[in-house]
Amino acid sequence: MLIDCNNFYCSCERVFNPKLAKLPIAVLSSNDGCIIARSLEVKAMGIPMGAPYYKYKQLIKSHDGKVFSANFELYGDMSRRVMRAIYSFTPNVEIYSIDEAFVSFDGVGHNELQELALAIKQRIYQWTGIPVSIGIGPTKTLAKVANHIAKKQSGDYIFNISDKAKQQQVLANFAVEDIWGVGSKWALKLRGFGINSAMKLCQVDIKWMRQNFSVVGERLVRELKGISCLDLDDLQPKKSIASSRSFGKAVNNKEELAEALSYHVARCCAKLRQQNSKVKVLYAYIRTNRFREGNDFYHDSALHEFAVATSDTGLVIKAVKSCLNKIFRAGYDYTKAGVILTDLVQAEQIQQDFFAKPDSERNSSLMQIIDDVNRRYCNKGLFWGAQGVRQAWKPRCDFRSPRYTTNWDELMVADTAMPAKEAG
DNA sequence: TCTGGGGTCCTAGGACCC
DNA sequence: TCTGGGGTCCTAGGACCC
């Protein structure tokens, strides 16, 4: 099964504000830049996924629509609750993204699957208020196909193609670009060969597919045929960790860039330690507005390789500053900065160096304490001076809803309208 | 005026080895 | 005149996903 939350971010907003139920609503990306989640009403207005907000601001307003700045603390917490509901049915779950999970029910019959899906859907809704669509099929790719259809159907939003005959019928009417794993480039290429439906793709010669679309394409075709090539993945430590933000307003001085980059390093290192990893290579970049006309677009990046892998925020901040020294050019209006930690290794598997020292125990304890404090105080506990205090570069975020479930100061107030004597 | 952020996997080609 | 065969490792870039 593929269980996927419907318009997830929009649904999260609606759970805590039922007045939004029938209104067109959209959720914006960081810096209130792009539209990254749309309610059905907004989709019906023809607004595409990922569209720049400023281009559709008026249209949304004219339909009495409402927009929200991304509230990932809320969405992340709601996601955990949805996943907990799914795990209450089986441990065979792969959390695929913030709003979807693959679930394996090997050996369960067709009809039982249908009932099971309904029970899962109902429990998720009861526990969280989030509506989901469920696709059922013999492989991940076919479950994705089924889910795609489930979403477009009203009713119970469950679609089952575990039956072979049903698969044939569905694939014939399924556009090739809607298949999971077929992006814009491949869609064009496939259509160029006259392959325009999932059925046609299912029937191609497997060797030809391999030659033209690599092993990835071969797996895709096999999956469509019902031969499983993609297993349920366990949660693995990340191989790279990134943090970046577009600035709320342009930044032209080096000090502020250094603060922004230090902020990103601190975020990444906290995530790094959380998965018990250390980093070998740091990559830092800055850039100006890439959409602006003319040729004053400037972007550059620099790399720092640590002799011994580290997870000490202080060391990585020092490194990011030396990177910035290499790439900073005065006289530009910068609009974005970011870092990527890559070549990550597990903490107990680090390669020693004859000349350099590994992280000291003293510093490791310090990091541990900082992480504990920040977890306890919602990331408002301790930070490095290098991150700065004004943070004038912070992204715009004009329409954020309260963090209803994770922040003491923003909890929902349920009884303001109730007279005191009834409240008891 | 205004355009996001965070990931994974695969391949070709270059460099090297004997 | 004529110049083999069999490997490994690394990286940049391109494709994809949400």
# chains A, B, ... in the order shown; residues from 1 in each chain; ligands from 1
>>> residues_around(residues="DG5 of chain B", least_positions_apart="5", cutoff="8 Å", atoms="only C-alpha atoms (C1' of nucleotides)", output="list in words")
Ser30, Ser243, Ser244 and Arg245 of chain A
>>> interface_residues(of="chain A", to="chain B", cutoff="6 Å", atoms="only C-alpha atoms (C1' of nucleotides)", output="PyMOL selection string")
chain A and resi 29-30+52+54
>>> closest_residue(among="A:Tyr53, A:Phe213, A:Phe89, A:Phe102", to="Ala119 of chain A", atoms="only C-alpha atoms")
A:Phe89
>>> select_by_dssp(residues="segment 249-317 of chain A", states="strand (DSSP E or B)", output="NGL selection string")
:A and (249-251 or 277-288 or 299-310)
>>> write_last_selection(atoms="C-alpha atoms", output="mmCIF file, in the first residue's frame")
data_model
loop_
_atom_site.group_PDB
_atom_site.id
_atom_site.type_symbol
_atom_site.label_atom_id
_atom_site.label_comp_id
_atom_site.auth_asym_id
_atom_site.auth_seq_id
_atom_site.Cartn_x
_atom_site.Cartn_y
_atom_site.Cartn_z
ATOM 1 C CA LYS A 249 16.206 41.012 1.937
ATOM 2 C CA ALA A 250 19.452 41.183 -0.001
ATOM 3 C CA VAL A 251 22.699 41.064 1.974
ATOM 4 C CA SER A 277 27.531 10.802 12.152
ATOM 5 C CA LYS A 278 30.576 12.925 11.496
ATOM 6 C CA VAL A 279 31.447 14.957 8.438
ATOM 7 C CA LYS A 280 34.492 14.791 6.173
ATOM 8 C CA VAL A 281 33.580 17.441 3.621
ATOM 9 C CA LEU A 282 31.885 20.805 3.977
ATOM 10 C CA TYR A 283 30.606 22.685 0.954
ATOM 11 C CA ALA A 284 29.455 26.317 1.214
ATOM 12 C CA TYR A 285 27.912 28.612 -1.389
ATOM 13 C CA ILE A 286 26.532 32.099 -1.838
ATOM 14 C CA ARG A 287 24.655 33.626 -4.729
ATOM 15 C CA THR A 288 22.857 36.669 -6.021
ATOM 16 C CA HIS A 299 27.578 32.572 -7.489
ATOM 17 C CA ASP A 300 30.458 30.597 -6.113
ATOM 18 C CA SER A 301 31.143 27.770 -3.746
ATOM 19 C CA ALA A 302 34.065 26.423 -1.785
ATOM 20 C CA LEU A 303 34.935 23.152 -0.186
ATOM 21 C CA HIS A 304 36.675 22.270 3.045
ATOM 22 C CA GLU A 305 37.921 18.783 3.764
ATOM 23 C CA PHE A 306 38.514 17.809 7.378
ATOM 24 C CA ALA A 307 41.605 15.717 8.099
ATOM 25 C CA VAL A 308 39.524 13.754 10.605
ATOM 26 C CA ALA A 309 35.730 13.614 10.385
ATOM 27 C CA THR A 310 34.084 15.867 12.963
#
>>> residues_around(residues="Val265 of chain A", least_positions_apart="2", cutoff="9 Å", atoms="only C-alpha atoms (C1' of nucleotides)", output="PDB file with all heavy atoms, in the first residue's frame")
ATOM      1  N   ALA A 242      21.948  19.104   4.296  1.00  0.00           N
ATOM      2  CA  ALA A 242      22.075  20.454   3.747  1.00  0.00           C
ATOM      3  C   ALA A 242      21.199  21.425   4.506  1.00  0.00           C
ATOM      4  O   ALA A 242      20.191  21.050   5.110  1.00  0.00           O
ATOM      5  CB  ALA A 242      21.695  20.445   2.273  1.00  0.00           C
ATOM      6  N   SER A 243      21.592  22.690   4.467  1.00  0.00           N
ATOM      7  CA  SER A 243      20.735  23.759   4.985  1.00  0.00           C
ATOM      8  C   SER A 243      20.997  24.996   4.154  1.00  0.00           C
ATOM      9  O   SER A 243      22.142  25.338   3.871  1.00  0.00           O
ATOM     10  CB  SER A 243      21.053  24.022   6.461  1.00  0.00           C
ATOM     11  OG  SER A 243      20.292  25.132   6.922  1.00  0.00           O
ATOM     12  N   ALA A 260      24.887  34.014   8.559  1.00  0.00           N
ATOM     13  CA  ALA A 260      23.914  33.106   7.932  1.00  0.00           C
ATOM     14  C   ALA A 260      24.540  31.728   7.739  1.00  0.00           C
ATOM     15  O   ALA A 260      23.935  30.707   8.087  1.00  0.00           O
ATOM     16  CB  ALA A 260      23.440  33.683   6.599  1.00  0.00           C
ATOM     17  N   LEU A 261      25.764  31.690   7.217  1.00  0.00           N
ATOM     18  CA  LEU A 261      26.425  30.405   6.980  1.00  0.00           C
ATOM     19  C   LEU A 261      26.660  29.661   8.305  1.00  0.00           C
ATOM     20  O   LEU A 261      26.504  28.439   8.369  1.00  0.00           O
ATOM     21  CB  LEU A 261      27.753  30.614   6.236  1.00  0.00           C
ATOM     22  CG  LEU A 261      27.607  30.994   4.757  1.00  0.00           C
ATOM     23  CD1 LEU A 261      28.953  31.406   4.157  1.00  0.00           C
ATOM     24  CD2 LEU A 261      27.023  29.829   3.947  1.00  0.00           C
ATOM     25  N   SER A 262      27.000  30.406   9.347  1.00  0.00           N
ATOM     26  CA  SER A 262      27.212  29.777  10.657  1.00  0.00           C
ATOM     27  C   SER A 262      25.906  29.182  11.185  1.00  0.00           C
ATOM     28  O   SER A 262      25.894  28.102  11.780  1.00  0.00           O
ATOM     29  CB  SER A 262      27.755  30.798  11.664  1.00  0.00           C
ATOM     30  OG  SER A 262      28.980  31.327  11.191  1.00  0.00           O
ATOM     31  N   TYR A 263      24.827  29.896  10.951  1.00  0.00           N
ATOM     32  CA  TYR A 263      23.507  29.385  11.332  1.00  0.00           C
ATOM     33  C   TYR A 263      23.236  28.048  10.633  1.00  0.00           C
ATOM     34  O   TYR A 263      22.798  27.077  11.263  1.00  0.00           O
ATOM     35  CB  TYR A 263      22.438  30.419  10.960  1.00  0.00           C
ATOM     36  CG  TYR A 263      21.016  29.905  11.010  1.00  0.00           C
ATOM     37  CD1 TYR A 263      20.293  29.892  12.200  1.00  0.00           C
ATOM     38  CD2 TYR A 263      20.393  29.430   9.850  1.00  0.00           C
ATOM     39  CE1 TYR A 263      18.995  29.415  12.237  1.00  0.00           C
ATOM     40  CE2 TYR A 263      19.088  28.956   9.881  1.00  0.00           C
ATOM     41  CZ  TYR A 263      18.396  28.949  11.074  1.00  0.00           C
ATOM     42  OH  TYR A 263      17.113  28.472  11.106  1.00  0.00           O
ATOM     43  N   ARG A 267      22.745  24.222  12.320  1.00  0.00           N
ATOM     44  CA  ARG A 267      21.579  23.362  12.065  1.00  0.00           C
ATOM     45  C   ARG A 267      22.025  21.989  11.571  1.00  0.00           C
ATOM     46  O   ARG A 267      21.559  20.953  12.035  1.00  0.00           O
ATOM     47  CB  ARG A 267      20.701  23.967  10.964  1.00  0.00           C
ATOM     48  CG  ARG A 267      19.613  24.879  11.435  1.00  0.00           C
ATOM     49  CD  ARG A 267      18.726  25.262  10.256  1.00  0.00           C
ATOM     50  NE  ARG A 267      17.598  24.355  10.080  1.00  0.00           N
ATOM     51  CZ  ARG A 267      17.087  24.032   8.900  1.00  0.00           C
ATOM     52  NH1 ARG A 267      17.629  24.484   7.785  1.00  0.00           N
ATOM     53  NH2 ARG A 267      16.051  23.233   8.821  1.00  0.00           N
ATOM     54  N   CYS A 268      22.910  22.012  10.568  1.00  0.00           N
ATOM     55  CA  CYS A 268      23.377  20.748   9.974  1.00  0.00           C
ATOM     56  C   CYS A 268      24.093  19.891  11.003  1.00  0.00           C
ATOM     57  O   CYS A 268      23.890  18.677  11.054  1.00  0.00           O
ATOM     58  CB  CYS A 268      24.314  21.013   8.803  1.00  0.00           C
ATOM     59  SG  CYS A 268      23.483  21.624   7.339  1.00  0.00           S
ATOM     60  N   CYS A 269      24.957  20.508  11.809  1.00  0.00           N
ATOM     61  CA  CYS A 269      25.736  19.731  12.773  1.00  0.00           C
ATOM     62  C   CYS A 269      24.824  19.095  13.823  1.00  0.00           C
ATOM     63  O   CYS A 269      25.076  17.977  14.273  1.00  0.00           O
ATOM     64  CB  CYS A 269      26.812  20.596  13.431  1.00  0.00           C
ATOM     65  SG  CYS A 269      28.194  20.927  12.322  1.00  0.00           S
ATOM     66  N   ALA A 270      23.768  19.805  14.212  1.00  0.00           N
ATOM     67  CA  ALA A 270      22.827  19.224  15.173  1.00  0.00           C
ATOM     68  C   ALA A 270      22.173  17.980  14.560  1.00  0.00           C
ATOM     69  O   ALA A 270      22.048  16.942  15.211  1.00  0.00           O
ATOM     70  CB  ALA A 270      21.782  20.250  15.572  1.00  0.00           C
ATOM     71  N   THR A 313      30.474  21.613  16.073  1.00  0.00           N
ATOM     72  CA  THR A 313      29.952  22.798  15.399  1.00  0.00           C
ATOM     73  C   THR A 313      31.004  23.912  15.307  1.00  0.00           C
ATOM     74  O   THR A 313      31.135  24.570  14.269  1.00  0.00           O
ATOM     75  CB  THR A 313      28.709  23.329  16.137  1.00  0.00           C
ATOM     76  OG1 THR A 313      27.737  22.286  16.183  1.00  0.00           O
ATOM     77  CG2 THR A 313      28.110  24.533  15.434  1.00  0.00           C
ATOM     78  N   VAL A 316      33.412  23.335  12.487  1.00  0.00           N
ATOM     79  CA  VAL A 316      32.800  23.468  11.165  1.00  0.00           C
ATOM     80  C   VAL A 316      32.503  24.945  10.870  1.00  0.00           C
ATOM     81  O   VAL A 316      32.627  25.400   9.731  1.00  0.00           O
ATOM     82  CB  VAL A 316      31.545  22.587  11.028  1.00  0.00           C
ATOM     83  CG1 VAL A 316      31.001  22.626   9.606  1.00  0.00           C
ATOM     84  CG2 VAL A 316      31.858  21.135  11.401  1.00  0.00           C
ATOM     85  N   ILE A 317      32.166  25.700  11.900  1.00  0.00           N
ATOM     86  CA  ILE A 317      31.959  27.151  11.700  1.00  0.00           C
ATOM     87  C   ILE A 317      33.275  27.805  11.268  1.00  0.00           C
ATOM     88  O   ILE A 317      33.311  28.620  10.350  1.00  0.00           O
ATOM     89  CB  ILE A 317      31.398  27.815  12.983  1.00  0.00           C
ATOM     90  CG1 ILE A 317      29.915  27.456  13.141  1.00  0.00           C
ATOM     91  CG2 ILE A 317      31.557  29.334  12.922  1.00  0.00           C
ATOM     92  CD1 ILE A 317      29.242  28.026  14.376  1.00  0.00           C
ATOM     93  N   VAL A 320      33.719  27.066   7.696  1.00  0.00           N
ATOM     94  CA  VAL A 320      32.815  27.753   6.765  1.00  0.00           C
ATOM     95  C   VAL A 320      33.261  29.204   6.570  1.00  0.00           C
ATOM     96  O   VAL A 320      33.102  29.786   5.504  1.00  0.00           O
ATOM     97  CB  VAL A 320      31.342  27.655   7.227  1.00  0.00           C
ATOM     98  CG1 VAL A 320      30.936  28.781   8.166  1.00  0.00           C
ATOM     99  CG2 VAL A 320      30.409  27.629   6.027  1.00  0.00           C
ATOM    100  N   GLY A 338      24.089  28.912   1.627  1.00  0.00           N
ATOM    101  CA  GLY A 338      23.788  27.585   2.160  1.00  0.00           C
ATOM    102  C   GLY A 338      25.027  26.735   2.326  1.00  0.00           C
ATOM    103  O   GLY A 338      26.109  27.083   1.836  1.00  0.00           O
ATOM    104  N   VAL A 339      24.857  25.632   3.038  1.00  0.00           N
ATOM    105  CA  VAL A 339      25.958  24.688   3.217  1.00  0.00           C
ATOM    106  C   VAL A 339      25.456  23.260   2.991  1.00  0.00           C
ATOM    107  O   VAL A 339      24.261  22.982   3.152  1.00  0.00           O
ATOM    108  CB  VAL A 339      26.582  24.765   4.634  1.00  0.00           C
ATOM    109  CG1 VAL A 339      26.975  26.195   4.965  1.00  0.00           C
ATOM    110  CG2 VAL A 339      25.646  24.216   5.685  1.00  0.00           C
ATOM    111  N   ILE A 340      26.375  22.408   2.597  1.00  0.00           N
ATOM    112  CA  ILE A 340      26.076  20.978   2.481  1.00  0.00           C
ATOM    113  C   ILE A 340      27.186  20.212   3.193  1.00  0.00           C
ATOM    114  O   ILE A 340      28.367  20.479   2.948  1.00  0.00           O
ATOM    115  CB  ILE A 340      26.000  20.532   1.000  1.00  0.00           C
ATOM    116  CG1 ILE A 340      24.918  21.310   0.259  1.00  0.00           C
ATOM    117  CG2 ILE A 340      25.746  19.032   0.913  1.00  0.00           C
ATOM    118  CD1 ILE A 340      24.932  21.070  -1.249  1.00  0.00           C
ATOM    119  N   LEU A 341      26.803  19.325   4.088  1.00  0.00           N
ATOM    120  CA  LEU A 341      27.775  18.420   4.690  1.00  0.00           C
ATOM    121  C   LEU A 341      27.685  17.109   3.923  1.00  0.00           C
ATOM    122  O   LEU A 341      26.602  16.556   3.762  1.00  0.00           O
ATOM    123  CB  LEU A 341      27.455  18.155   6.169  1.00  0.00           C
ATOM    124  CG  LEU A 341      27.254  19.353   7.101  1.00  0.00           C
ATOM    125  CD1 LEU A 341      27.123  18.865   8.542  1.00  0.00           C
ATOM    126  CD2 LEU A 341      28.389  20.340   6.981  1.00  0.00           C
TER     127      LEU A 341
END
>>> atom_distance(atom1="atom CA of Asn160 of chain A", atom2="atom CA of Val145 of chain A")
9.7 Å
>>> select_by_dssp(residues="segment 194-412 of chain A", states="helix (DSSP H, G or I)", output="PyMOL selection string")
chain A and resi 198-202+206-225+254-274+313-327+347-349+361-376+385-387+408-410
>>> atom_distance(atom1="atom CA of Tyr75 of chain A", atom2="atom CA of Ile370 of chain A")
24.9 Å
>>> atom_distance(atom1="atom CA of Cys323 of chain A", atom2="atom CA of Glu361 of chain A")
26.6 Å
>>> residues_around(residues="Asp359 of chain A", least_positions_apart="5", cutoff="8 Å", atoms="only C-alpha atoms (C1' of nucleotides)", output="list in words")
Thr310, Ser311, Asp312 and Ser364 of chain A
